[in-house]
>>> print(open('model.pdb').read())   # PDB, C-alpha atoms
ATOM      1  CA  MET M   1     158.462  96.352 122.381  1.00  0.00           C
ATOM      2  CA  LYS M   2     157.200  99.899 122.024  1.00  0.00           C
ATOM      3  CA  LYS M   3     157.117  99.480 118.237  1.00  0.00           C
ATOM      4  CA  TRP M   4     154.787  96.494 118.556  1.00  0.00           C
ATOM      5  CA  ILE M   5     152.485  98.440 120.874  1.00  0.00           C
ATOM      6  CA  ILE M   6     152.417 101.388 118.474  1.00  0.00           C
ATOM      7  CA  TYR M   7     151.748  99.002 115.539  1.00  0.00           C
ATOM      8  CA  LEU M   8     148.924  97.269 117.451  1.00  0.00           C
ATOM      9  CA  LEU M   9     147.367 100.582 118.459  1.00  0.00           C
ATOM     10  CA  GLY M  10     147.536 101.692 114.816  1.00  0.00           C
ATOM     11  CA  ILE M  11     145.610  98.589 113.705  1.00  0.00           C
ATOM     12  CA  ILE M  12     142.968  99.068 116.408  1.00  0.00           C
ATOM     13  CA  THR M  13     142.597 102.741 115.496  1.00  0.00           C
ATOM     14  CA  GLY M  14     142.180 101.817 111.823  1.00  0.00           C
ATOM     15  CA  ILE M  15     139.445  99.301 112.648  1.00  0.00           C
ATOM     16  CA  ILE M  16     137.622 101.827 114.823  1.00  0.00           C
ATOM     17  CA  LEU M  17     137.798 104.501 112.104  1.00  0.00           C
ATOM     18  CA  THR M  18     136.519 102.011 109.489  1.00  0.00           C
ATOM     19  CA  PHE M  19     133.506 101.105 111.600  1.00  0.00           C
ATOM     20  CA  ALA M  20     132.874 104.764 112.416  1.00  0.00           C
ATOM     21  CA  PHE M  21     132.958 105.688 108.720  1.00  0.00           C
ATOM     22  CA  ALA M  22     130.582 102.828 107.814  1.00  0.00           C
ATOM     23  CA  PHE M  23     128.228 103.889 110.598  1.00  0.00           C
ATOM     24  CA  CYS M  24     128.217 107.492 109.370  1.00  0.00           C
ATOM     25  CA  VAL M  25     127.521 106.396 105.783  1.00  0.00           C
ATOM     26  CA  ASN M  26     124.684 104.158 106.920  1.00  0.00           C
ATOM     27  CA  LEU M  27     123.298 106.922 109.099  1.00  0.00           C
ATOM     28  CA  SER M  28     123.307 109.378 106.200  1.00  0.00           C
ATOM     29  CA  ASN M  29     121.565 106.840 103.928  1.00  0.00           C
ATOM     30  CA  SER M  30     118.861 106.189 106.503  1.00  0.00           C
ATOM     31  CA  SER M  31     118.322 109.784 107.637  1.00  0.00           C
ATOM     32  CA  GLY M  32     119.059 108.598 111.183  1.00  0.00           C
ATOM     33  CA  ILE M  33     116.079 106.199 111.280  1.00  0.00           C
ATOM     34  CA  ILE M  34     116.857 102.595 112.180  1.00  0.00           C
ATOM     35  CA  GLY M  35     115.659 100.212 109.451  1.00  0.00           C
ATOM     36  CA  LEU M  36     115.265 102.915 106.789  1.00  0.00           C
ATOM     37  CA  GLU M  37     117.414 102.688 103.656  1.00  0.00           C
ATOM     38  CA  ILE M  38     117.158 105.547 101.153  1.00  0.00           C
ATOM     39  CA  PHE M  39     117.929 104.892  97.484  1.00  0.00           C
ATOM     40  CA  GLU M  40     120.694 106.892  95.812  1.00  0.00           C
ATOM     41  CA  GLU M  41     118.115 107.889  93.202  1.00  0.00           C
ATOM     42  CA  SER M  42     114.369 108.140  93.793  1.00  0.00           C
ATOM     43  CA  GLY M  43     112.279 105.319  92.364  1.00  0.00           C
ATOM     44  CA  ASP M  44     108.956 105.083  90.546  1.00  0.00           C
ATOM     45  CA  TYR M  45     105.731 106.940  91.231  1.00  0.00           C
ATOM     46  CA  MET M  46     103.291 104.513  92.850  1.00  0.00           C
ATOM     47  CA  GLU M  47      99.648 104.459  91.807  1.00  0.00           C
ATOM     48  CA  TYR M  48      98.194 104.983  95.283  1.00  0.00           C
ATOM     49  CA  SER M  49      95.372 107.448  95.831  1.00  0.00           C
ATOM     50  CA  GLN M  50      95.037 107.446  99.627  1.00  0.00           C
ATOM     51  CA  PHE M  51      96.602 106.249 102.878  1.00  0.00           C
ATOM     52  CA  GLU M  52      95.423 105.516 106.418  1.00  0.00           C
ATOM     53  CA  VAL M  53      98.032 105.900 109.166  1.00  0.00           C
ATOM     54  CA  PHE M  54      98.086 103.162 111.807  1.00  0.00           C
ATOM     55  CA  GLN M  55     101.349 104.019 113.591  1.00  0.00           C
ATOM     56  CA  VAL M  56     103.617 107.055 113.843  1.00  0.00           C
ATOM     57  CA  VAL M  57     107.254 105.981 114.206  1.00  0.00           C
ATOM     58  CA  GLU M  58     110.676 107.655 114.535  1.00  0.00           C
ATOM     59  CA  SER M  59     111.273 111.187 113.279  1.00  0.00           C
ATOM     60  CA  GLY M  60     107.574 111.675 112.555  1.00  0.00           C
ATOM     61  CA  CYS M  61     107.379 109.039 109.802  1.00  0.00           C
ATOM     62  CA  ALA M  62     104.167 107.032 109.529  1.00  0.00           C
ATOM     63  CA  LEU M  63     103.306 103.426 108.755  1.00  0.00           C
ATOM     64  CA  ALA M  64     100.126 103.424 106.708  1.00  0.00           C
ATOM     65  CA  HIS M  65      97.791 101.168 104.760  1.00  0.00           C
ATOM     66  CA  ALA M  66      97.627 102.159 101.086  1.00  0.00           C
ATOM     67  CA  ASP M  67      94.302 102.455  99.234  1.00  0.00           C
ATOM     68  CA  GLU M  68      92.255 100.828 102.041  1.00  0.00           C
ATOM     69  CA  SER M  69      94.188  97.561 101.682  1.00  0.00           C
ATOM     70  CA  LEU M  70      95.278  95.863 104.910  1.00  0.00           C
ATOM     71  CA  GLY M  71      97.874  93.914 102.944  1.00  0.00           C
ATOM     72  CA  THR M  72      99.630  96.957 101.417  1.00  0.00           C
ATOM     73  CA  ILE M  73     101.790  98.872 103.910  1.00  0.00           C
ATOM     74  CA  VAL M  74     104.178 101.760 103.269  1.00  0.00           C
ATOM     75  CA  LEU M  75     106.314 104.086 105.348  1.00  0.00           C
ATOM     76  CA  ILE M  76     105.536 107.741 104.596  1.00  0.00           C
ATOM     77  CA  ILE M  77     108.436 110.147 105.145  1.00  0.00           C
ATOM     78  CA  PRO M  78     107.094 113.604 105.998  1.00  0.00           C
ATOM     79  CA  ASP M  79     108.222 116.900 104.590  1.00  0.00           C
ATOM     80  CA  LYS M  80     108.785 119.885 106.869  1.00  0.00           C
ATOM     81  CA  ASN M  81     105.067 120.779 106.848  1.00  0.00           C
ATOM     82  CA  GLN M  82     103.614 117.317 107.517  1.00  0.00           C
ATOM     83  CA  LYS M  83     102.678 116.085 110.992  1.00  0.00           C
ATOM     84  CA  PHE M  84     101.113 112.614 111.083  1.00  0.00           C
ATOM     85  CA  TYR M  85      98.786 111.100 113.698  1.00  0.00           C
ATOM     86  CA  ASP M  86      97.186 107.696 114.286  1.00  0.00           C
ATOM     87  CA  ASP M  87      94.144 106.828 112.113  1.00  0.00           C
ATOM     88  CA  GLN M  88      94.801 109.850 109.898  1.00  0.00           C
ATOM     89  CA  LYS M  89      93.404 109.524 106.371  1.00  0.00           C
ATOM     90  CA  ILE M  90      95.493 111.071 103.609  1.00  0.00           C
ATOM     91  CA  VAL M  91      93.794 111.490 100.229  1.00  0.00           C
ATOM     92  CA  LEU M  92      96.083 112.548  97.389  1.00  0.00           C
ATOM     93  CA  THR M  93      94.985 115.256  94.995  1.00  0.00           C
ATOM     94  CA  LYS M  94      95.381 115.023  91.209  1.00  0.00           C
ATOM     95  CA  GLU M  95      98.645 116.981  91.530  1.00  0.00           C
ATOM     96  CA  GLN M  96     100.128 114.655  94.167  1.00  0.00           C
ATOM     97  CA  CYS M  97     101.910 111.312  93.845  1.00  0.00           C
ATOM     98  CA  ALA M  98     103.612 108.890  96.216  1.00  0.00           C
ATOM     99  CA  GLN M  99     107.193 108.377  95.072  1.00  0.00           C
ATOM    100  CA  ARG M 100     109.159 105.346  96.245  1.00  0.00           C
ATOM    101  CA  VAL M 101     112.424 106.566  97.721  1.00  0.00           C
ATOM    102  CA  GLY M 102     113.668 103.559  99.701  1.00  0.00           C
ATOM    103  CA  THR M 103     112.738 100.623 101.937  1.00  0.00           C
ATOM    104  CA  TYR M 104     111.928 100.315 105.642  1.00  0.00           C
ATOM    105  CA  LYS M 105     112.513  97.189 107.714  1.00  0.00           C
ATOM    106  CA  TYR M 106     110.739  96.677 111.049  1.00  0.00           C
ATOM    107  CA  SER M 107     109.361  93.977 113.352  1.00  0.00           C
ATOM    108  CA  THR M 108     105.660  93.598 114.121  1.00  0.00           C
ATOM    109  CA  LYS M 109     104.302  93.032 117.639  1.00  0.00           C
ATOM    110  CA  SER M 110     104.212  89.320 116.882  1.00  0.00           C
ATOM    111  CA  GLY M 111     107.934  89.367 116.035  1.00  0.00           C
ATOM    112  CA  ILE M 112     107.531  89.073 112.257  1.00  0.00           C
ATOM    113  CA  GLU M 113     110.114  91.045 110.281  1.00  0.00           C
ATOM    114  CA  LYS M 114     108.676  93.059 107.392  1.00  0.00           C
ATOM    115  CA  THR M 115     110.234  95.203 104.682  1.00  0.00           C
ATOM    116  CA  VAL M 116     107.949  97.796 103.057  1.00  0.00           C
ATOM    117  CA  PRO M 117     108.373 100.628 100.533  1.00  0.00           C
ATOM    118  CA  ALA M 118     109.376 104.026 101.899  1.00  0.00           C
ATOM    119  CA  VAL M 119     107.590 106.843 100.049  1.00  0.00           C
ATOM    120  CA  ARG M 120     107.389 110.605  99.975  1.00  0.00           C
ATOM    121  CA  ILE M 121     104.288 112.499  98.868  1.00  0.00           C
ATOM    122  CA  ILE M 122     105.355 114.739  95.990  1.00  0.00           C
ATOM    123  CA  ASN M 123     103.410 117.840  94.958  1.00  0.00           C
ATOM    124  CA  GLY M 124     103.046 119.166  91.449  1.00  0.00           C
ATOM    125  CA  VAL M 125     103.440 115.772  89.749  1.00  0.00           C
ATOM    126  CA  GLU M 126     100.955 113.893  87.582  1.00  0.00           C
ATOM    127  CA  LEU M 127     101.339 110.246  86.593  1.00  0.00           C
ATOM    128  CA  PRO M 128     101.978 109.640  82.866  1.00  0.00           C
ATOM    129  CA  LYS M 129      98.786 108.693  81.039  1.00  0.00           C
ATOM    130  CA  SER M 130     100.353 105.441  79.860  1.00  0.00           C
ATOM    131  CA  ASN M 131     100.738 104.329  83.485  1.00  0.00           C
ATOM    132  CA  LYS M 132      97.250 105.253  84.579  1.00  0.00           C
ATOM    133  CA  ALA M 133      94.422 102.798  85.067  1.00  0.00           C
ATOM    134  CA  ILE M 134      90.837 103.252  86.193  1.00  0.00           C
ATOM    135  CA  VAL M 135      91.330 103.196  89.983  1.00  0.00           C
ATOM    136  CA  ALA M 136      88.404 102.782  92.370  1.00  0.00           C
ATOM    137  CA  LYS M 137      88.160 103.430  96.112  1.00  0.00           C
ATOM    138  CA  ASN M 138      88.873  99.801  96.992  1.00  0.00           C
ATOM    139  CA  ASN M 139      92.218  99.809  95.177  1.00  0.00           C
ATOM    140  CA  SER M 140      90.699  98.117  92.128  1.00  0.00           C
ATOM    141  CA  GLU M 141      91.577  98.868  88.554  1.00  0.00           C
ATOM    142  CA  LYS M 142      90.333  98.023  85.089  1.00  0.00           C
ATOM    143  CA  THR M 143      92.640  97.629  82.109  1.00  0.00           C
ATOM    144  CA  LEU M 144      91.001  97.279  78.704  1.00  0.00           C
ATOM    145  CA  PHE M 145      92.730  95.719  75.679  1.00  0.00           C
ATOM    146  CA  ASP M 146      92.994  97.480  72.317  1.00  0.00           C
ATOM    147  CA  LYS M 147      91.494  94.368  70.678  1.00  0.00           C
ATOM    148  CA  PRO M 148      89.314  91.535  72.090  1.00  0.00           C
ATOM    149  CA  GLY M 149      91.294  88.511  73.255  1.00  0.00           C
ATOM    150  CA  ASP M 150      90.506  84.802  73.502  1.00  0.00           C
ATOM    151  CA  CYS M 151      87.170  83.200  74.302  1.00  0.00           C
ATOM    152  CA  VAL M 152      87.144  82.209  77.991  1.00  0.00           C
ATOM    153  CA  SER M 153      83.725  80.467  78.093  1.00  0.00           C
ATOM    154  CA  ARG M 154      80.592  79.687  76.084  1.00  0.00           C
ATOM    155  CA  LYS M 155      78.456  79.081  79.172  1.00  0.00           C
ATOM    156  CA  ASN M 156      76.169  81.300  81.227  1.00  0.00           C
ATOM    157  CA  PHE M 157      77.209  83.228  84.342  1.00  0.00           C
ATOM    158  CA  GLU M 158      75.709  83.950  87.771  1.00  0.00           C
ATOM    159  CA  VAL M 159      76.209  87.426  89.244  1.00  0.00           C
ATOM    160  CA  GLN M 160      77.920  87.347  92.647  1.00  0.00           C
ATOM    161  CA  GLU M 161      78.392  91.056  93.319  1.00  0.00           C
ATOM    162  CA  VAL M 162      77.313  94.323  91.726  1.00  0.00           C
ATOM    163  CA  LEU M 163      79.906  97.108  92.005  1.00  0.00           C
ATOM    164  CA  GLU M 164      79.207 100.809  92.504  1.00  0.00           C
ATOM    165  CA  SER M 165      80.033 101.351  88.831  1.00  0.00           C
ATOM    166  CA  GLY M 166      77.177  99.011  87.864  1.00  0.00           C
ATOM    167  CA  ASP M 167      79.604  96.346  86.610  1.00  0.00           C
ATOM    168  CA  ALA M 168      79.101  92.802  87.891  1.00  0.00           C
ATOM    169  CA  ILE M 169      81.480  90.157  89.212  1.00  0.00           C
ATOM    170  CA  ALA M 170      80.135  86.775  88.124  1.00  0.00           C
ATOM    171  CA  LEU M 171      81.001  83.071  88.170  1.00  0.00           C
ATOM    172  CA  GLU M 172      80.672  80.689  85.236  1.00  0.00           C
ATOM    173  CA  ILE M 173      77.745  78.275  85.636  1.00  0.00           C
ATOM    174  CA  ARG M 174      79.039  74.735  85.426  1.00  0.00           C
ATOM    175  CA  GLU M 175      75.592  73.087  85.526  1.00  0.00           C
ATOM    176  CA  THR M 176      72.084  73.525  86.876  1.00  0.00           C
ATOM    177  CA  ILE M 177      70.412  70.591  88.655  1.00  0.00           C
ATOM    178  CA  SER M 178      66.799  70.740  89.906  1.00  0.00           C
ATOM    179  CA  GLY M 179      66.909  74.519  89.964  1.00  0.00           C
ATOM    180  CA  TYR M 180      70.216  74.651  91.869  1.00  0.00           C
ATOM    181  CA  VAL M 181      73.069  76.487  90.207  1.00  0.00           C
ATOM    182  CA  PHE M 182      76.569  75.025  90.452  1.00  0.00           C
ATOM    183  CA  THR M 183      79.389  77.371  89.483  1.00  0.00           C
ATOM    184  CA  SER M 184      82.989  76.805  88.437  1.00  0.00           C
ATOM    185  CA  ASP M 185      86.062  78.704  89.650  1.00  0.00           C
ATOM    186  CA  LEU M 186      86.055  80.988  86.595  1.00  0.00           C
ATOM    187  CA  GLU M 187      85.381  84.491  87.895  1.00  0.00           C
ATOM    188  CA  VAL M 188      84.851  87.383  85.481  1.00  0.00           C
ATOM    189  CA  LEU M 189      83.835  91.018  85.385  1.00  0.00           C
ATOM    190  CA  ILE M 190      80.904  91.918  83.104  1.00  0.00           C
ATOM    191  CA  LEU M 191      80.776  95.598  82.210  1.00  0.00           C
ATOM    192  CA  ALA M 192      77.522  97.460  82.601  1.00  0.00           C
ATOM    193  CA  GLN M 193      75.971  98.552  79.321  1.00  0.00           C
ATOM    194  CA  GLU M 194      73.330 101.175  78.658  1.00  0.00           C
ATOM    195  CA  GLY M 195      70.044  99.838  79.996  1.00  0.00           C
ATOM    196  CA  SER M 196      71.641  96.984  81.966  1.00  0.00           C
ATOM    197  CA  ASN M 197      70.791  96.677  85.644  1.00  0.00           C
ATOM    198  CA  PHE M 198      72.588  93.764  87.277  1.00  0.00           C
ATOM    199  CA  TYR M 199      71.465  92.190  90.555  1.00  0.00           C
ATOM    200  CA  ASN M 200      72.845  89.464  92.818  1.00  0.00           C
ATOM    201  CA  ASN M 201      72.319  85.862  91.629  1.00  0.00           C
ATOM    202  CA  GLN M 202      71.153  87.099  88.239  1.00  0.00           C
ATOM    203  CA  ILE M 203      71.737  84.569  85.441  1.00  0.00           C
ATOM    204  CA  VAL M 204      73.505  86.232  82.535  1.00  0.00           C
ATOM    205  CA  LYS M 205      72.984  84.107  79.457  1.00  0.00           C
ATOM    206  CA  ALA M 206      75.475  83.932  76.623  1.00  0.00           C
ATOM    207  CA  PRO M 207      73.741  84.884  73.367  1.00  0.00           C
ATOM    208  CA  GLN M 208      73.485  82.043  70.881  1.00  0.00           C
ATOM    209  CA  GLY M 209      76.524  81.827  68.644  1.00  0.00           C
ATOM    210  CA  LYS M 210      78.599  84.147  70.845  1.00  0.00           C
ATOM    211  CA  CYS M 211      81.150  83.487  73.563  1.00  0.00           C
ATOM    212  CA  ALA M 212      82.493  85.351  76.575  1.00  0.00           C
ATOM    213  CA  ARG M 213      85.580  86.930  75.061  1.00  0.00           C
ATOM    214  CA  GLN M 214      88.247  88.578  77.223  1.00  0.00           C
ATOM    215  CA  ILE M 215      88.506  92.316  76.600  1.00  0.00           C
ATOM    216  CA  GLY M 216      90.670  93.271  79.572  1.00  0.00           C
ATOM    217  CA  ASN M 217      91.701  92.562  83.151  1.00  0.00           C
ATOM    218  CA  TYR M 218      90.197  93.624  86.465  1.00  0.00           C
ATOM    219  CA  LYS M 219      92.391  93.753  89.586  1.00  0.00           C
ATOM    220  CA  TYR M 220      90.982  94.143  93.079  1.00  0.00           C
ATOM    221  CA  GLU M 221      91.761  93.440  96.727  1.00  0.00           C
ATOM    222  CA  GLN M 222      89.921  90.729  98.652  1.00  0.00           C
ATOM    223  CA  TYR M 223      90.761  89.829 102.260  1.00  0.00           C
ATOM    224  CA  GLY M 224      94.210  91.387 101.868  1.00  0.00           C
ATOM    225  CA  ASN M 225      95.016  89.466  98.670  1.00  0.00           C
ATOM    226  CA  THR M 226      95.155  90.800  95.122  1.00  0.00           C
ATOM    227  CA  LYS M 227      92.991  89.065  92.515  1.00  0.00           C
ATOM    228  CA  VAL M 228      93.126  89.547  88.749  1.00  0.00           C
ATOM    229  CA  ILE M 229      90.173  88.320  86.697  1.00  0.00           C
ATOM    230  CA  PRO M 230      89.228  88.705  83.024  1.00  0.00           C
ATOM    231  CA  ILE M 231      86.814  91.368  81.851  1.00  0.00           C
ATOM    232  CA  ILE M 232      84.478  89.799  79.314  1.00  0.00           C
ATOM    233  CA  ALA M 233      82.070  90.809  76.569  1.00  0.00           C
ATOM    234  CA  PHE M 234      79.850  88.497  74.545  1.00  0.00           C
ATOM    235  CA  LYS M 235      81.156  88.619  70.976  1.00  0.00           C
TER     236      LYS M 235
END
>>> encode(input="model.pdb", output="structure tokens")
Amino acid sequence: MKKWIIYLLGIITGIILTFAFAFCVNLSNSSGIIGLEIFEESGDYMEYSQFEVFQVVESGCALAHADESLGTIVLIIPDKNQKFYDDQKIVLTKEQCAQRVGTYKYSTKSGIEKTVPAVRIINGVELPKSNKAIVAKNNSEKTLFDKPGDCVSRKNFEVQEVLESGDAIALEIRETISGYVFTSDLEVLILAQEGSNFYNNQIVKAPQGKCARQIGNYKYEQYGNTKVIPIIAFK
């Protein structure tokens, strides 16, 4: 009888030790923060230029919006010198990068479960030139092709918005009836040239014998969603 009791106690002890070991491993991988999982090896450098903290969580970490985008959230893990606070704006210098080091899972006030990148701000690092794009304050970026691509339209365009750079976001004009302009869903970015001065609702006419040829892509955030549209030039 005593042998069975000793055998049973041995099994129970083994189970307890197994769970304790798994808990310790998980705790070491998460740095003691519930929901945080740290990679064995650090991940990529992320092309973010600034953050705005909206909540400070366990161990001084901060949930933040990246590059003024409400749809892009990260968890920032502080170093020994960083102390975060609500509504803090963090602007990275040229020598700083946000490196993805893990993931963080949490529940919002409405009960929605989210998983976001966990990052650390690294000093003394510069992104490789091959990975860099032209990044604006609104998390937009322009990527230009080495050679012009396909023709996307032979019609005229109506300017919808003029950016700080002078470039214009425009829609293809489908037809004009009694002075009213009807546009299609084709949205493009027209680069500002020397002497050009775009304005809202301007009609940009395609020169005779030329078409709007794609020369790159323009990515920007709108209402929390990412849009990618062609950059065009009349060639």
>>> residues_around(input="model.pdb", residues="region 40-50 of chain M", least_positions_apart="2", cutoff="7 Å", atoms="only C-alpha atoms", output="tab-separated table (two decimals) with C-alpha atoms, in the coordinates of the input")
chain	number	residue	atom	x	y	z
M	38	ILE	CA	117.16	105.55	101.15
M	66	ALA	CA	97.63	102.16	101.09
M	67	ASP	CA	94.30	102.46	99.23
M	90	ILE	CA	95.49	111.07	103.61
M	91	VAL	CA	93.79	111.49	100.23
M	92	LEU	CA	96.08	112.55	97.39
M	97	CYS	CA	101.91	111.31	93.84
M	98	ALA	CA	103.61	108.89	96.22
M	99	GLN	CA	107.19	108.38	95.07
M	100	ARG	CA	109.16	105.35	96.24
M	101	VAL	CA	112.42	106.57	97.72
>>> resolve_selection(input="model.pdb", expression="the PyMOL selection byres ((chain M and resi 60) around 10)", output="NGL selection string")
:M and (55-59 or 61-62 or 76-79 or 82-85)
>>> write_last_selection(input="model.pdb", atoms="C-alpha atoms", output="mmCIF file, keeping the file's coordinate frame")
data_model
loop_
_atom_site.group_PDB
_atom_site.id
_atom_site.type_symbol
_atom_site.label_atom_id
_atom_site.label_comp_id
_atom_site.auth_asym_id
_atom_site.auth_seq_id
_atom_site.Cartn_x
_atom_site.Cartn_y
_atom_site.Cartn_z
ATOM 1 C CA GLN M 55 101.349 104.019 113.591
ATOM 2 C CA VAL M 56 103.617 107.055 113.843
ATOM 3 C CA VAL M 57 107.254 105.981 114.206
ATOM 4 C CA GLU M 58 110.676 107.655 114.535
ATOM 5 C CA SER M 59 111.273 111.187 113.279
ATOM 6 C CA CYS M 61 107.379 109.039 109.802
ATOM 7 C CA ALA M 62 104.167 107.032 109.529
ATOM 8 C CA ILE M 76 105.536 107.741 104.596
ATOM 9 C CA ILE M 77 108.436 110.147 105.145
ATOM 10 C CA PRO M 78 107.094 113.604 105.998
ATOM 11 C CA ASP M 79 108.222 116.900 104.590
ATOM 12 C CA GLN M 82 103.614 117.317 107.517
ATOM 13 C CA LYS M 83 102.678 116.085 110.992
ATOM 14 C CA PHE M 84 101.113 112.614 111.083
ATOM 15 C CA TYR M 85 98.786 111.100 113.698
#
>>> resolve_selection(input="model.pdb", expression="the PyMOL selection byres ((chain M and resi 167) around 6)", output="list in words")
Val162, Leu163, Ser165, Gly166, Ala168, Ile190, Leu191 and Ala192 of chain M
>>> resolve_selection(input="model.pdb", expression="the PyMOL selection byres ((chain M and resi 156) around 9)", output="list in words")
Ser153, Arg154, Lys155, Phe157, Glu158, Leu171, Glu172, Ile173, Arg174, Ile203, Val204, Lys205, Ala206, Pro207 and Ala212 of chain M
>>> residues_around(input="model.pdb", residues="Val228 (chain M)", least_positions_apart="5", cutoff="12 Å", atoms="all atoms listed in the file", output="list in words")
Ser140, Glu141, Lys142, Thr143, Ile169, Leu186, Glu187, Val188, Leu189, Gly216, Asn217, Tyr218, Lys219, Tyr220, Glu221 and Gln222 of chain M
>>> closest_residue(input="model.pdb", among="M:Val159, M:Val119, M:Ile112, M:Ile33", to="Val74 (chain M)", atoms="only C-alpha atoms")
M:Val119
>>> axis_aligned_box(input="model.pdb", around="region 174-193 of chain M", padding_each_side="3 Å", output="lines of an AutoDock Vina configuration file")
center_x = 76.4
center_y = 84.6
center_z = 85.6
size_x = 25.3
size_y = 34.0
size_z = 18.5
>>> residues_near_point(input="model.pdb", point="(98.6, 93.3, 96.6)", cutoff="7 Å", atoms="all atoms listed in the file", output="PyMOL selection string")
chain M and resi 71-72+221+225-226
>>> atom_distance(input="model.pdb", atom1="CA of Ser184 (chain M)", atom2="CA of Cys151 (chain M)")
16.1 Å
>>> atom_distance(input="model.pdb", atom1="CA of Val152 (chain M)", atom2="CA of Cys211 (chain M)")
7.6 Å
>>> residues_around(input="model.pdb", residues="Gln88 (chain M)", least_positions_apart="3", cutoff="9 Å", atoms="all atoms listed in the file", output="list of chain:residue names")
M:Phe51, M:Glu52, M:Val53, M:Phe54, M:Ala64, M:Phe84, M:Tyr85
>>> atom_distance(input="model.pdb", atom1="CA of Asp150 (chain M)", atom2="CA of Phe182 (chain M)")
24.0 Å
